[in-house]
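> Below: one structure in structure tokens.
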Amino acid sequence: MKILITGVAGFIGYYLADRLLKDGGHIVCGVDNLNDYYDTTLKKNRLSNLKKHSDFEFKLINIADRNKIKELFENNKFDYVVNLAAQAGVRYSIENPSSYIDSNLVGFGNILEGCRHTGVKHLVYASSSSVYGLNTLMPFSVRHNVDHPISLYAASKKANELMAHTYSYLYKLPTTGLRFFTVYGPWGRPDMALFLFTKAILNNEPIKVFNNGEMQRDFTYIDDIVEGVIRVIKNIPMSNPQWSSEAPDPSSSCAPYKLYNIGNNKPVALMDFVKAIEKALGKKAVVEFLPLQPGDVVATYADVNDLIKDTGFKPSTHIDEGIHNFVLWYQEYYG
């Protein structure tokens, strides 16, 4: 099989490509624009590891470039596509909305067009737990209404789900959207809390804890995310015969369309998260409490029943194990 992974130098893209290449039987084509949203050295080092595999091809392309994406699809005839390329970050979207429109909307539209015209068997794409927005009914279910996002990042991910459904309905393109919940682990993003907290504690600097620490996140370890993605790739959606236009289920359709949450199903209090980092580092944090930031939600908690039912997989890595693995990697990587 030939699989396209966009955003391959990113955190999840790197792990997914590495796992598929190690499993064997796949040619993986990776696309990334290596933008400078965070340290490009980290992205390039991930990429260097992937280039050690003989079945890996890399192309430096921005998915917002319509002509290059069109050419990429025409020249390769991919069996499966996993779209992980996106401008990430909730807070950054408040200050830089245009980058989200270019990558998350225009870019995703180009991917959909490429899949449509070249007979791709299944498009799997990254959505986000941020789509739940103002919803406070816990745990978050793919059957809940998600029409009230509170950041442009979240709105762009909700828009991706709507765009994908349209292509599934009009062109019978099977699409699956994955709502990821706070992904963490070795090789993670430097703008995420685990990276920021670890760096600050080791440098004897205060860590910034928002909403005075009264927050919960459904932290999901990277290996669990990748296992979920791989199982979903093989689980091509079909029309749901029970779907009703009178009482529509948002997670499926009369079209070959599906949504899943991928989360640990165990929300962790932010201060317990900090304690786990302190334990792994053997060092106490200096905490600076701050108010809730615009675009942030107070809590996330994933209902993963559909994922379990359809793929037989449930994320289960404990936060202590995941943070321990990250700290070991961090100390080795940064000496």
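By order in the structure tokens, chains are A, B, ...; within a chain, residues start at 1; ligands start at 1, following the order shown.
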Please, which residues of region 165-273 of chain A, numbered as in this document, come out helix (DSSP H, G or I) from DSSP, as a ChimeraX atom specification?
/A:165-171,193-202,211-213,222-234,270-273
> I need the chosen residues saved as a PDB file, in the first residue's frame, with C-alpha atoms.

ATOM      1  CA  HIS A 165     -18.903  15.011   4.966  1.00  0.00           C
ATOM      2  CA  THR A 166     -19.740  16.905   1.798  1.00  0.00           C
ATOM      3  CA  TYR A 167     -17.116  14.972  -0.171  1.00  0.00           C
ATOM      4  CA  SER A 168     -18.270  11.689   1.355  1.00  0.00           C
ATOM      5  CA  TYR A 169     -21.843  12.482   0.329  1.00  0.00           C
ATOM      6  CA  LEU A 170     -21.252  13.924  -3.149  1.00  0.00           C
ATOM      7  CA  TYR A 171     -18.320  11.811  -4.326  1.00  0.00           C
ATOM      8  CA  ALA A 193       2.319  22.121  28.595  1.00  0.00           C
ATOM      9  CA  LEU A 194       4.469  19.034  29.241  1.00  0.00           C
ATOM     10  CA  PHE A 195       7.377  20.443  27.225  1.00  0.00           C
ATOM     11  CA  LEU A 196       7.028  23.961  28.675  1.00  0.00           C
ATOM     12  CA  PHE A 197       6.704  22.751  32.280  1.00  0.00           C
ATOM     13  CA  THR A 198       9.634  20.334  32.043  1.00  0.00           C
ATOM     14  CA  LYS A 199      11.914  22.957  30.533  1.00  0.00           C
ATOM     15  CA  ALA A 200      10.944  25.594  33.111  1.00  0.00           C
ATOM     16  CA  ILE A 201      11.364  23.288  36.118  1.00  0.00           C
ATOM     17  CA  LEU A 202      14.818  22.162  34.970  1.00  0.00           C
ATOM     18  CA  ASN A 211      -7.313  29.210  35.477  1.00  0.00           C
ATOM     19  CA  ASN A 212      -5.501  29.002  38.835  1.00  0.00           C
ATOM     20  CA  GLY A 213      -4.937  25.295  38.208  1.00  0.00           C
ATOM     21  CA  ILE A 222       1.322   9.274  21.558  1.00  0.00           C
ATOM     22  CA  ASP A 223       1.549   5.470  21.155  1.00  0.00           C
ATOM     23  CA  ASP A 224      -2.169   5.184  21.936  1.00  0.00           C
ATOM     24  CA  ILE A 225      -2.961   7.873  19.359  1.00  0.00           C
ATOM     25  CA  VAL A 226      -0.962   6.068  16.671  1.00  0.00           C
ATOM     26  CA  GLU A 227      -2.516   2.686  17.452  1.00  0.00           C
ATOM     27  CA  GLY A 228      -5.945   4.280  17.149  1.00  0.00           C
ATOM     28  CA  VAL A 229      -5.079   5.917  13.820  1.00  0.00           C
ATOM     29  CA  ILE A 230      -3.728   2.691  12.340  1.00  0.00           C
ATOM     30  CA  ARG A 231      -6.822   0.732  13.335  1.00  0.00           C
ATOM     31  CA  VAL A 232      -9.064   3.417  11.875  1.00  0.00           C
ATOM     32  CA  ILE A 233      -7.165   3.475   8.551  1.00  0.00           C
ATOM     33  CA  LYS A 234      -8.115  -0.174   8.046  1.00  0.00           C
ATOM     34  CA  LEU A 270      -3.775  20.004  35.925  1.00  0.00           C
ATOM     35  CA  MET A 271      -2.079  20.114  39.327  1.00  0.00           C
ATOM     36  CA  ASP A 272      -1.895  16.298  39.384  1.00  0.00           C
ATOM     37  CA  PHE A 273      -0.230  16.550  35.974  1.00  0.00           C
TER      38      PHE A 273
END
> Would you list the contacts of region 4-21 of chain A as a PyMOL selection string, taking every protein, DNA or RNA residue within 8 Å and counting only C-alpha atoms, but skipping same-chain residues closer than 4 positions in sequence?
chain A and resi 25-34+43-44+46-47+50+53+55-56+63+78+80-86+187-189+222-223+225-226+229-230
> Quick one: of A:Glu113, A:Asp303, A:Asp191, A:Asp218, who's nearest to Gly89 (chain A), counting only C-alpha atoms?
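For Gly89 (chain A), the nearest of the given residues is A:Asp191.
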> Show me, as a ChimeraX atom specification, the residues that have an atom within 10 Å of Glu74 (chain A) when counting only C-alpha atoms, minus same-chain residues fewer than 6 positions from it.
/A:68,114-115,117-118
> Find the distance between CA of Val304 (chain A) and CA of Arg179 (chain A) and write it in Å to one decimal.
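Interatomic distance, CA of Val304 (chain A) to CA of Arg179 (chain A): 10.3 Å.
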> Nearest to Asn235 (chain A): which of A:Leu42, A:Leu307, A:Val131, A:Ile101 is it, counting only C-alpha atoms?
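Comparing A:Leu42, A:Leu307, A:Val131, A:Ile101 against Asn235 (chain A), the winner is A:Leu307.
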> Identify, on the basis of only C-alpha atoms, every residue whose closest approach to region 284-294 of chain A does not exceed 9 Å; exclude the query and any residue fewer than 5 positions from it along the same chain; express the result as JSON, numbers by chain.
{"A": [90, 91, 94, 150, 151, 197, 200, 201, 202, 204, 205, 206, 207, 208, 209, 210, 211, 212, 213, 274, 275, 277, 278, 279]}
> Taking into account only C-alpha atoms, which residue in the set A:Tyr301, A:Phe219, A:Phe108, A:Phe73 is nearest to Tyr184 (chain A)?
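The shortest atom-to-atom distance to Tyr184 (chain A) comes from A:Phe219.
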